[in-house]
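Note: the block below is model09.cif and it holds mmCIF, C-alpha atoms.
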data_final
#
loop_
_atom_site.label_atom_id
_atom_site.label_comp_id
_atom_site.auth_asym_id
_atom_site.auth_seq_id
_atom_site.Cartn_x
_atom_site.Cartn_y
_atom_site.Cartn_z
CA MET C 1 64.35 110.87 116.31
CA GLY C 2 65.28 112.79 119.46
CA ARG C 3 67.45 115.87 119.82
CA LEU C 4 71.12 115.51 118.87
CA VAL C 5 73.52 116.32 121.71
CA VAL C 6 77.14 116.74 120.63
CA VAL C 7 79.86 116.70 123.29
CA SER C 8 83.45 117.62 122.49
CA ASN C 9 86.45 118.84 124.42
CA ARG C 10 86.18 122.30 122.87
CA VAL C 11 83.06 124.01 121.58
CA PRO C 12 83.52 126.48 118.70
CA ALA C 13 82.48 130.04 119.49
CA PRO C 14 79.35 130.38 117.31
CA ARG C 15 79.56 134.16 117.01
CA ASP C 16 83.31 134.42 116.36
CA ARG C 17 83.63 135.28 112.68
CA HIS C 18 87.44 135.13 112.91
CA GLN C 19 87.51 131.54 114.10
CA PRO C 20 89.05 129.18 111.51
CA ALA C 21 86.47 127.24 109.51
CA GLY C 22 87.42 123.62 109.89
CA GLY C 23 87.45 120.59 112.10
CA LEU C 24 84.39 119.21 113.81
CA ALA C 25 82.23 122.28 113.16
CA VAL C 26 82.52 121.78 109.39
CA ALA C 27 82.07 118.00 109.64
CA LEU C 28 78.87 118.39 111.68
CA ARG C 29 77.42 121.32 109.76
CA ASP C 30 74.69 119.31 108.01
CA ALA C 31 73.80 117.29 111.11
CA LEU C 32 73.47 120.43 113.23
CA SER C 33 71.17 122.07 110.69
CA GLU C 34 68.43 119.47 111.15
CA GLY C 35 66.17 120.01 114.15
CA GLN C 36 67.08 121.24 117.62
CA CYS C 37 70.63 120.45 118.76
CA LEU C 38 72.78 120.95 121.83
CA TRP C 39 76.58 121.24 121.72
CA PHE C 40 78.35 120.95 125.06
CA GLY C 41 82.02 121.25 126.07
CA TRP C 42 84.83 123.46 127.29
CA SER C 43 84.61 127.17 126.48
CA GLY C 44 88.33 127.58 125.89
CA GLN C 45 88.50 129.88 128.92
CA GLN C 46 90.54 129.22 132.07
CA ILE C 47 89.60 130.43 135.55
CA SER C 48 91.39 130.57 138.89
CA GLU C 49 90.94 127.82 141.46
CA HIS C 50 88.81 129.98 143.80
CA GLU C 51 86.31 130.63 140.98
CA GLN C 52 85.54 126.96 140.29
CA GLU C 53 82.82 126.56 142.92
CA ASP C 54 80.71 129.30 141.35
CA ARG C 55 81.11 128.34 137.70
CA ASP C 56 77.92 127.88 135.76
CA VAL C 57 77.21 126.57 132.31
CA SER C 58 77.13 129.39 129.76
CA ILE C 59 74.27 129.09 127.28
CA ASP C 60 74.11 130.68 123.84
CA HIS C 61 71.30 130.03 121.35
CA VAL C 62 72.21 130.49 117.69
CA GLU C 63 69.46 129.48 115.25
CA ASN C 64 68.53 125.87 116.09
CA VAL C 65 71.68 125.06 118.09
CA THR C 66 72.16 125.62 121.81
CA TYR C 67 75.84 126.02 122.70
CA ALA C 68 76.54 125.13 126.35
CA THR C 69 80.06 125.63 127.71
CA ILE C 70 81.96 125.51 130.97
CA ASP C 71 85.30 127.00 131.96
CA LEU C 72 88.19 124.95 133.34
CA THR C 73 90.63 125.93 136.06
CA HIS C 74 94.31 126.27 135.18
CA ALA C 75 95.04 122.99 136.98
CA GLU C 76 92.21 121.18 135.18
CA PHE C 77 93.35 122.46 131.78
CA ASP C 78 96.92 121.39 132.52
CA GLY C 79 96.17 117.91 133.87
CA PHE C 80 93.20 117.02 131.66
CA TYR C 81 94.16 118.61 128.35
CA GLN C 82 97.87 119.37 128.21
CA LYS C 83 99.13 116.34 130.09
CA TYR C 84 96.82 113.33 130.13
CA SER C 85 95.07 113.92 126.80
CA ASN C 86 97.98 115.26 124.78
CA ALA C 87 101.12 113.98 126.51
CA ILE C 88 99.77 110.47 127.23
CA LEU C 89 96.78 109.47 125.09
CA TRP C 90 97.85 111.32 121.92
CA PRO C 91 101.29 109.68 121.60
CA LEU C 92 99.91 106.29 122.67
CA CYS C 93 97.17 106.38 120.03
CA HIS C 94 99.74 107.38 117.41
CA TYR C 95 101.88 104.30 118.24
CA ARG C 96 104.47 106.38 120.16
CA ALA C 97 104.14 104.86 123.64
CA GLY C 98 107.75 105.79 124.36
CA LEU C 99 106.76 109.47 124.33
CA MET C 100 104.13 109.07 127.06
CA GLU C 101 104.75 111.18 130.16
CA TYR C 102 102.55 109.31 132.62
CA ASN C 103 101.65 110.72 136.01
CA ARG C 104 98.92 109.25 138.20
CA LYS C 105 97.80 112.70 139.31
CA ASP C 106 97.15 113.72 135.68
CA ARG C 107 94.98 110.61 135.23
CA GLU C 108 92.96 111.62 138.28
CA VAL C 109 92.44 115.13 136.87
CA TYR C 110 91.42 113.63 133.50
CA LEU C 111 88.79 111.46 135.20
CA ASP C 112 87.65 114.36 137.40
CA VAL C 113 87.10 116.65 134.39
CA ASN C 114 85.11 113.95 132.61
CA GLU C 115 82.95 113.61 135.73
CA LEU C 116 82.59 117.41 135.82
CA PHE C 117 81.39 117.37 132.20
CA ALA C 118 78.85 114.68 133.10
CA ARG C 119 77.50 116.59 136.12
CA LYS C 120 77.17 119.85 134.21
CA LEU C 121 75.61 118.20 131.15
CA LEU C 122 73.07 116.13 133.10
CA PRO C 123 70.54 118.93 133.85
CA LEU C 124 70.51 119.90 130.17
CA LEU C 125 69.55 116.44 128.90
CA LYS C 126 66.12 115.22 127.82
CA PRO C 127 64.97 111.57 127.91
CA ASP C 128 64.86 111.11 124.13
CA ASP C 129 68.23 112.75 123.37
CA LEU C 130 70.85 111.07 121.18
CA ILE C 131 74.23 111.81 122.77
CA TRP C 132 77.31 111.82 120.52
CA ILE C 133 80.67 112.18 122.31
CA HIS C 134 83.84 112.99 120.38
CA ASP C 135 87.46 112.01 120.75
CA TYR C 136 90.12 110.83 123.15
CA HIS C 137 89.73 113.66 125.66
CA LEU C 138 86.38 112.15 126.63
CA PHE C 139 86.89 108.36 126.60
CA PRO C 140 85.34 107.96 130.13
CA LEU C 141 82.45 110.41 129.71
CA GLY C 142 79.91 107.79 128.66
CA GLN C 143 80.46 105.79 131.84
CA ALA C 144 80.33 108.97 133.94
CA LEU C 145 76.90 109.74 132.43
CA ARG C 146 75.66 106.18 133.00
CA ASP C 147 76.79 106.44 136.65
CA LEU C 148 74.49 109.47 136.97
CA GLY C 149 71.55 107.50 135.60
CA VAL C 150 71.50 108.58 131.95
CA THR C 151 69.70 105.95 129.85
CA SER C 152 69.67 107.71 126.46
CA PRO C 153 71.63 106.17 123.57
CA ILE C 154 75.26 107.32 123.75
CA GLY C 155 77.69 107.10 120.86
CA PHE C 156 81.42 107.78 120.75
CA PHE C 157 83.61 108.65 117.77
CA LEU C 158 87.40 108.57 117.86
CA HIS C 159 88.94 110.87 115.26
CA ILE C 160 92.51 109.61 115.75
CA PRO C 161 94.01 106.11 115.39
CA PHE C 162 93.58 103.42 118.03
CA PRO C 163 96.60 101.23 118.81
CA PRO C 164 96.77 97.45 119.20
CA TRP C 165 96.46 95.99 122.70
CA SER C 166 100.22 95.30 122.75
CA LEU C 167 100.65 99.09 122.96
CA MET C 168 97.43 99.96 124.78
CA LYS C 169 98.40 97.79 127.75
CA ALA C 170 101.38 100.11 128.32
CA LEU C 171 98.87 102.65 129.64
CA PRO C 172 98.34 102.26 133.40
CA GLY C 173 94.61 101.75 133.79
CA GLY C 174 94.25 100.86 130.11
CA ALA C 175 92.06 97.82 130.82
CA ARG C 176 89.75 99.93 132.99
CA LEU C 177 89.46 102.51 130.21
CA MET C 178 88.42 99.76 127.79
CA GLN C 179 85.90 98.31 130.25
CA ASN C 180 84.32 101.74 130.85
CA MET C 181 83.63 102.02 127.13
CA GLN C 182 80.87 99.44 127.58
CA ALA C 183 78.77 102.52 128.37
CA TYR C 184 78.66 103.38 124.66
CA ASP C 185 76.00 101.89 122.43
CA VAL C 186 77.87 102.75 119.22
CA ILE C 187 81.61 103.36 118.85
CA GLY C 188 82.96 104.69 115.56
CA LEU C 189 86.51 104.76 114.22
CA GLN C 190 88.07 105.85 110.94
CA THR C 191 89.51 102.61 109.57
CA GLU C 192 89.20 98.83 109.65
CA ASP C 193 92.59 98.56 111.37
CA ASP C 194 91.51 100.94 114.15
CA ALA C 195 88.22 99.13 114.71
CA ARG C 196 89.97 95.75 114.74
CA ASN C 197 92.53 97.01 117.27
CA MET C 198 89.80 98.29 119.57
CA ASN C 199 87.66 95.17 119.27
CA ASP C 200 90.70 92.97 119.99
CA GLY C 201 91.30 95.06 123.11
CA PHE C 202 87.66 94.70 124.11
CA SER C 203 87.92 90.92 123.74
CA ILE C 204 91.00 90.75 125.96
CA CYS C 205 89.31 92.97 128.57
CA GLY C 206 86.09 90.94 128.57
CA VAL C 207 83.99 93.50 126.73
CA LYS C 208 81.62 92.73 123.85
CA ALA C 209 83.02 94.01 120.53
CA ARG C 210 81.23 97.19 119.48
CA ALA C 211 83.66 99.27 117.40
CA GLN C 212 82.51 99.99 113.84
CA VAL C 213 84.00 101.85 110.90
CA PHE C 214 82.59 105.26 109.95
CA PRO C 215 85.18 106.96 107.69
CA ILE C 216 84.93 110.73 107.71
CA GLY C 217 85.03 112.86 104.58
CA ILE C 218 84.87 116.47 103.45
CA ASP C 219 82.30 118.59 101.63
CA PRO C 220 83.84 118.04 98.17
CA GLU C 221 81.43 120.21 96.17
CA SER C 222 82.02 123.20 98.42
CA PHE C 223 85.79 122.70 98.49
CA ALA C 224 85.98 122.28 94.72
CA GLU C 225 84.07 125.55 94.30
CA GLN C 226 86.44 127.29 96.73
CA ALA C 227 89.44 125.96 94.82
CA LYS C 228 88.13 127.14 91.45
CA ALA C 229 87.27 130.56 92.88
CA GLY C 230 90.71 130.63 94.48
CA GLU C 231 92.36 130.89 91.08
CA ASP C 232 91.28 134.54 91.02
CA LEU C 233 92.55 135.42 94.50
CA ALA C 234 95.46 137.84 94.58
CA GLU C 235 97.49 135.66 96.97
CA VAL C 236 97.09 132.57 94.79
CA GLN C 237 98.08 134.54 91.70
CA ARG C 238 101.12 135.93 93.55
CA LEU C 239 102.18 132.41 94.45
CA GLY C 240 101.73 131.30 90.85
CA GLU C 241 103.75 134.23 89.52
CA SER C 242 106.55 133.56 92.02
CA LEU C 243 106.93 130.01 90.70
CA ALA C 244 107.94 131.35 87.28
CA GLY C 245 106.66 128.22 85.57
CA LYS C 246 108.21 125.76 88.04
CA PRO C 247 106.00 122.91 89.31
CA LEU C 248 104.82 123.22 92.92
CA ILE C 249 104.93 120.47 95.55
CA ILE C 250 102.75 121.30 98.56
CA GLY C 251 102.50 119.90 102.07
CA VAL C 252 100.02 121.15 104.68
CA ASP C 253 100.16 119.72 108.19
CA ARG C 254 99.82 120.82 111.78
CA LEU C 255 103.32 120.77 113.28
CA ASP C 256 103.11 117.42 115.08
CA TYR C 257 105.39 114.39 115.31
CA SER C 258 102.63 112.16 113.90
CA LYS C 259 102.81 113.99 110.56
CA GLY C 260 106.25 112.68 109.58
CA LEU C 261 107.68 116.08 108.68
CA PRO C 262 111.37 115.30 109.41
CA GLU C 263 111.04 112.11 107.36
CA ARG C 264 109.33 114.06 104.57
CA LEU C 265 112.12 116.63 104.40
CA LYS C 266 114.65 113.81 104.31
CA GLY C 267 112.70 112.33 101.39
CA TYR C 268 112.72 115.67 99.55
CA GLU C 269 116.45 116.07 100.19
CA THR C 270 117.04 112.56 98.84
CA PHE C 271 114.96 113.53 95.78
CA LEU C 272 117.27 116.49 95.11
CA GLN C 273 120.32 114.26 95.58
CA ARG C 274 119.12 111.44 93.34
CA TYR C 275 117.46 113.53 90.63
CA PRO C 276 119.69 116.57 90.06
CA GLU C 277 117.74 117.40 86.89
CA HIS C 278 114.99 118.80 89.15
CA ARG C 279 117.29 121.20 91.01
CA GLY C 280 116.32 124.77 90.32
CA LYS C 281 113.19 123.57 88.51
CA VAL C 282 110.74 122.73 91.32
CA VAL C 283 109.45 124.45 94.46
CA TYR C 284 108.32 122.70 97.64
CA LEU C 285 105.96 124.73 99.87
CA GLN C 286 105.52 123.26 103.35
CA ILE C 287 102.87 124.89 105.54
CA ALA C 288 103.20 123.63 109.13
CA PRO C 289 101.36 125.82 111.65
CA VAL C 290 102.89 125.55 115.10
CA SER C 291 100.74 123.73 117.66
CA ARG C 292 101.41 123.04 121.35
CA GLY C 293 104.47 125.27 121.10
CA ASP C 294 104.85 125.29 124.88
CA VAL C 295 105.46 121.51 124.96
CA GLU C 296 109.13 120.49 124.87
CA GLU C 297 108.60 117.68 122.35
CA TYR C 298 107.04 120.14 119.90
CA ARG C 299 109.69 122.81 120.46
CA LEU C 300 112.36 120.25 119.64
CA LEU C 301 110.41 119.12 116.56
CA LYS C 302 110.20 122.68 115.26
CA GLN C 303 113.87 123.26 115.98
CA GLY C 304 114.76 120.14 114.00
CA LEU C 305 112.55 121.18 111.08
CA ASP C 306 114.01 124.69 111.07
CA GLU C 307 117.50 123.20 110.89
CA ALA C 308 116.56 120.71 108.16
CA VAL C 309 114.99 123.40 105.98
CA GLY C 310 118.04 125.61 106.49
CA ARG C 311 120.38 122.76 105.59
CA ILE C 312 118.48 121.88 102.39
CA ASN C 313 118.19 125.49 101.28
CA GLY C 314 121.85 126.15 102.13
CA SER C 315 123.09 123.04 100.34
CA TYR C 316 120.93 123.07 97.21
CA GLY C 317 119.59 126.60 96.87
CA ASP C 318 120.92 129.27 94.56
CA PHE C 319 120.69 133.04 94.43
CA ASP C 320 117.52 132.73 92.35
CA TRP C 321 116.06 129.48 93.76
CA THR C 322 114.90 128.39 97.21
CA PRO C 323 114.20 124.63 97.31
CA VAL C 324 111.89 124.76 100.36
CA ARG C 325 109.44 127.51 101.23
CA TYR C 326 108.46 126.96 104.87
CA LEU C 327 105.59 128.62 106.75
CA THR C 328 104.77 127.97 110.42
CA HIS C 329 101.65 130.13 110.60
CA PRO C 330 98.11 129.13 109.58
CA VAL C 331 96.82 129.85 106.07
CA PRO C 332 93.07 130.52 105.64
CA ARG C 333 91.06 127.64 104.23
CA HIS C 334 89.95 129.51 101.10
CA LEU C 335 93.59 130.25 100.23
CA LEU C 336 94.62 126.64 100.86
CA ALA C 337 91.97 125.54 98.38
CA GLY C 338 93.50 127.81 95.74
CA PHE C 339 97.03 126.65 96.61
CA TYR C 340 95.98 122.99 96.25
CA ARG C 341 94.54 123.66 92.79
CA LEU C 342 97.78 125.35 91.77
CA ALA C 343 100.02 122.58 93.12
CA ASN C 344 101.29 119.87 90.79
CA VAL C 345 101.97 117.44 93.64
CA ALA C 346 100.61 117.08 97.18
CA LEU C 347 102.98 115.39 99.63
CA VAL C 348 100.91 113.84 102.43
CA THR C 349 103.10 111.45 104.42
CA PRO C 350 101.98 111.04 108.05
CA LEU C 351 103.57 108.33 110.16
CA ARG C 352 100.10 107.58 111.55
CA ASP C 353 96.80 109.39 111.00
CA GLY C 354 93.15 108.88 111.79
CA MET C 355 92.03 109.82 108.27
CA ASN C 356 93.88 112.85 106.85
CA LEU C 357 91.46 115.12 105.06
CA VAL C 358 94.22 117.08 103.30
CA ALA C 359 94.50 114.18 100.85
CA LYS C 360 90.78 114.37 100.08
CA GLU C 361 90.81 118.17 99.86
CA TYR C 362 93.68 118.05 97.37
CA VAL C 363 91.76 115.67 95.11
CA ALA C 364 88.61 117.80 95.36
CA ALA C 365 90.55 120.95 94.47
CA GLN C 366 91.99 119.68 91.19
CA ASP C 367 91.17 120.79 87.66
CA PRO C 368 89.80 117.59 86.04
CA GLU C 369 91.50 118.49 82.76
CA ASP C 370 94.94 119.02 84.32
CA PRO C 371 95.01 117.42 87.78
CA GLY C 372 97.97 117.13 90.08
CA VAL C 373 99.32 113.96 91.68
CA LEU C 374 98.77 112.85 95.28
CA VAL C 375 101.72 111.22 97.07
CA LEU C 376 100.23 109.56 100.15
CA SER C 377 101.53 107.59 103.11
CA HIS C 378 100.42 103.99 103.51
CA PHE C 379 99.73 104.91 107.15
CA ALA C 380 97.20 107.66 106.50
CA GLY C 381 93.69 106.54 107.32
CA ALA C 382 92.66 107.66 103.84
CA ALA C 383 95.10 105.29 102.10
CA PRO C 384 92.77 102.26 101.77
CA GLU C 385 90.25 104.49 99.95
CA MET C 386 92.90 106.13 97.76
CA GLU C 387 94.93 103.32 96.23
CA ASP C 388 95.32 105.25 92.97
CA ALA C 389 97.50 107.83 94.68
CA LEU C 390 101.25 107.17 94.73
CA LEU C 391 101.45 105.32 98.04
CA VAL C 392 104.73 105.47 99.97
CA ASN C 393 106.29 104.33 103.22
CA PRO C 394 107.07 107.63 105.00
CA HIS C 395 110.10 106.04 106.69
CA ASP C 396 111.70 105.30 103.30
CA ALA C 397 113.36 108.46 101.96
CA ASP C 398 114.23 106.77 98.67
CA GLU C 399 110.62 105.73 98.09
CA ILE C 400 109.46 109.32 98.70
CA ALA C 401 112.13 110.58 96.30
CA GLU C 402 111.09 108.10 93.61
CA ALA C 403 107.41 109.01 94.03
CA LEU C 404 108.16 112.73 93.68
CA HIS C 405 110.15 112.10 90.51
CA LYS C 406 107.39 109.89 89.10
CA ALA C 407 104.73 112.48 89.95
CA LEU C 408 106.62 115.33 88.31
CA ILE C 409 107.24 113.48 85.04
CA MET C 410 103.86 111.71 84.91
CA PRO C 411 102.05 112.20 81.58
CA GLN C 412 98.82 114.17 81.66
CA ALA C 413 96.80 111.14 80.53
CA GLU C 414 97.95 109.11 83.53
CA ARG C 415 97.34 112.02 85.90
CA LYS C 416 93.78 112.34 84.60
CA ALA C 417 93.21 108.60 84.85
CA ARG C 418 94.43 108.44 88.46
CA TRP C 419 92.36 111.47 89.46
CA ALA C 420 89.26 109.99 87.79
CA LEU C 421 89.67 106.90 89.98
CA LEU C 422 90.24 108.90 93.18
CA GLN C 423 87.44 111.42 92.66
CA PRO C 424 84.36 109.16 93.08
CA ASP C 425 85.33 107.99 96.58
CA VAL C 426 85.99 111.56 97.72
CA TRP C 427 82.50 112.51 96.52
CA ARG C 428 80.89 109.34 97.91
CA VAL C 429 82.14 109.47 101.52
CA THR C 430 81.51 113.03 102.70
CA ALA C 431 81.26 114.83 106.02
CA GLY C 432 77.50 114.77 105.63
CA SER C 433 77.28 111.04 104.88
CA TRP C 434 79.61 110.28 107.81
CA ALA C 435 77.40 112.15 110.28
CA ARG C 436 74.18 110.71 108.83
CA ASP C 437 75.51 107.15 109.00
CA PHE C 438 76.65 107.47 112.60
CA ILE C 439 73.52 109.25 113.84
CA GLY C 440 71.31 106.81 111.95
CA THR C 441 73.05 103.86 113.61
CA LEU C 442 72.76 105.48 117.04
CA ALA C 443 69.07 106.26 116.49
CA LYS C 444 68.34 102.54 115.99
CA VAL C 445 69.62 101.66 119.46
CA LYS C 446 66.94 100.25 121.75
CA ARG C 447 67.91 100.44 125.42
CA ALA C 448 66.16 98.40 128.09
#
Using structure tokens, write down the structure that the file contains.
Amino acid sequence: MGRLVVVSNRVPAPRDRHQPAGGLAVALRDALSEGQCLWFGWSGQQISEHEQEDRDVSIDHVENVTYATIDLTHAEFDGFYQKYSNAILWPLCHYRAGLMEYNRKDREVYLDVNELFARKLLPLLKPDDLIWIHDYHLFPLGQALRDLGVTSPIGFFLHIPFPPWSLMKALPGGARLMQNMQAYDVIGLQTEDDARNMNDGFSICGVKARAQVFPIGIDPESFAEQAKAGEDLAEVQRLGESLAGKPLIIGVDRLDYSKGLPERLKGYETFLQRYPEHRGKVVYLQIAPVSRGDVEEYRLLKQGLDEAVGRINGSYGDFDWTPVRYLTHPVPRHLLAGFYRLANVALVTPLRDGMNLVAKEYVAAQDPEDPGVLVLSHFAGAAPEMEDALLVNPHDADEIAEALHKALIMPQAERKARWALLQPDVWRVTAGSWARDFIGTLAKVKRA
């Protein structure tokens, strides 16, 4: 098998010890440890317009991986990343076409940056490379590489949902985007629904169906070890002591409209209304690190959440009880593992998600002898694999309330039985198996 070349919008800084451990770097850890690899993408740095002509690819060799990065100008970052990727493609792929802020100029910048990536990557490629491109920022990159004469196998993986054609056609140039994806030999998505949506779109646009399902997972053994070790961490013990014996409900989500946080808070408020016996006897910790805080839609979302938390705490709280504990800053991964193990219930209710690894991490973190209960949205990509969770419609506040009540009064025997049914799938489909399956499929491609 040839060298693995990974291409993503952003490349993690390999020597930055303070960088959060998560995301694609964790998912690809095993794949990147085997043989020589190249990882190419944006450095995270922005440069002025007059510097763009002189920009070179920065190369850093760390063990067996070569990290190759380029800088983007302020205008490129704005049009490619902030606007077209995150203000157009992100809402569209999460079934929120009404939130798209389309501008033809942003589309041109998006295409230009993908062509820039292709031009800068080309001299680094070898004939027998396997090229694996990641996510919605880089939909057109495969075609841009083919236009430059690249004949190596190229795969593409979409980490977020893909909408049906009835929504996709709302995107100006949507059919062209679909047609350009013929450049990919293998296309992977998280769920059967996503793959079906993409293949239906291909059919309408005259493209041979090529989307396949490659569900992503976590490293469950490692996370379970972190969670068990987390019991001894001072911060986890402080949280436990502060509960004073009350059960803990936990939610951990990036602050994004796809996560269903306003709907979740409404569900929790309905729970307190309908089941007054739980008032003063349960704590809900919502960790929602702010993302894209300079985007109006996200500022308004945070403002609404702040107000909802204040209303719930003001209406139901007491001098010795706060119904909702609300954090908008990141919590380190090793602490989250300990918090998950401590929590009696995990509330994971996205409106639409590619997979949602929080659900899998929560299951991995549990004590098999006294596990907590997972309350999971039907619309999380993980839901088809996790039918023994308490599945809810995130738009139905009463259903969320009923699930929380059921979870909190569930007998230990039922909790253990549900966890025992969830655990094998979390251990079976891992980050390592996901990468191996995709790369193995790509390696079998024979190009003329």
Between atom CA of Lys259 of chain C and atom CA of Pro394 of chain C, distance in Å (one decimal): 9.5 Å
Nearest to Arg311 of chain C, restricted to all atoms listed in the file and choosing among C:Lys360, C:Val295, C:Ala343, C:Leu265, comes out as C:Leu265
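Across the structure, atom CA of Tyr110 of chain C and atom CA of Ala68 of chain C are spaced 20.1 Å apart.
Atom CA of Met1 of chain C is positioned 9.2 Å from atom CA of Gly440 of chain C.
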Looking at all atoms listed in the file, which of C:Lys228, C:Arg264, C:Arg176, C:Arg238 is the one that sits closest to Ile204 of chain C? C:Arg176
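Nearest residue to Asn344 of chain C, choosing from C:Glu277, C:Ile400, C:Lys246, C:Asp60 and counting only C-alpha atoms: C:Lys246.
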What does the PyMOL selection byres ((chain C and resi 41) around 6) select in this file, as an MDAnalysis selection string? chainID C and resid 7:11 40 42 69
Can you write out the residues you just picked, keeping C-alpha atoms, as a CSV table (one decimal), in the coordinates of the input?
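Written file, result-v4.csv:
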chain,number,residue,atom,x,y,z
C,7,VAL,CA,79.9,116.7,123.3
C,8,SER,CA,83.4,117.6,122.5
C,9,ASN,CA,86.4,118.8,124.4
C,10,ARG,CA,86.2,122.3,122.9
C,11,VAL,CA,83.1,124.0,121.6
C,40,PHE,CA,78.4,121.0,125.1
C,42,TRP,CA,84.8,123.5,127.3
C,69,THR,CA,80.1,125.6,127.7
Check which residues satisfy the PyMOL selection byres ((chain C and resi 132) around 9) in the file shown, then give them as a CSV table (one decimal) with C-alpha atoms, in the coordinates of the input.
chain,number,residue,atom,x,y,z
C,4,LEU,CA,71.1,115.5,118.9
C,5,VAL,CA,73.5,116.3,121.7
C,6,VAL,CA,77.1,116.7,120.6
C,7,VAL,CA,79.9,116.7,123.3
C,8,SER,CA,83.4,117.6,122.5
C,130,LEU,CA,70.8,111.1,121.2
C,131,ILE,CA,74.2,111.8,122.8
C,133,ILE,CA,80.7,112.2,122.3
C,134,HIS,CA,83.8,113.0,120.4
C,153,PRO,CA,71.6,106.2,123.6
C,154,ILE,CA,75.3,107.3,123.8
C,155,GLY,CA,77.7,107.1,120.9
C,156,PHE,CA,81.4,107.8,120.8
C,157,PHE,CA,83.6,108.6,117.8
C,439,ILE,CA,73.5,109.2,113.8
C,442,LEU,CA,72.8,105.5,117.0
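Remark: for Gln46 of chain C, the closest of the candidate residues C:Cys93, C:Ile59, C:Leu28, C:Ala75 is C:Ala75 (distances computed over only C-alpha atoms).
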Name the residues captured by the PyMOL selection byres ((chain C and resi 78-89) around 6) when it is applied to the shown file; answer as an MDAnalysis selection string. chainID C and resid 75:77 90:93 100:101 106 109:110 137
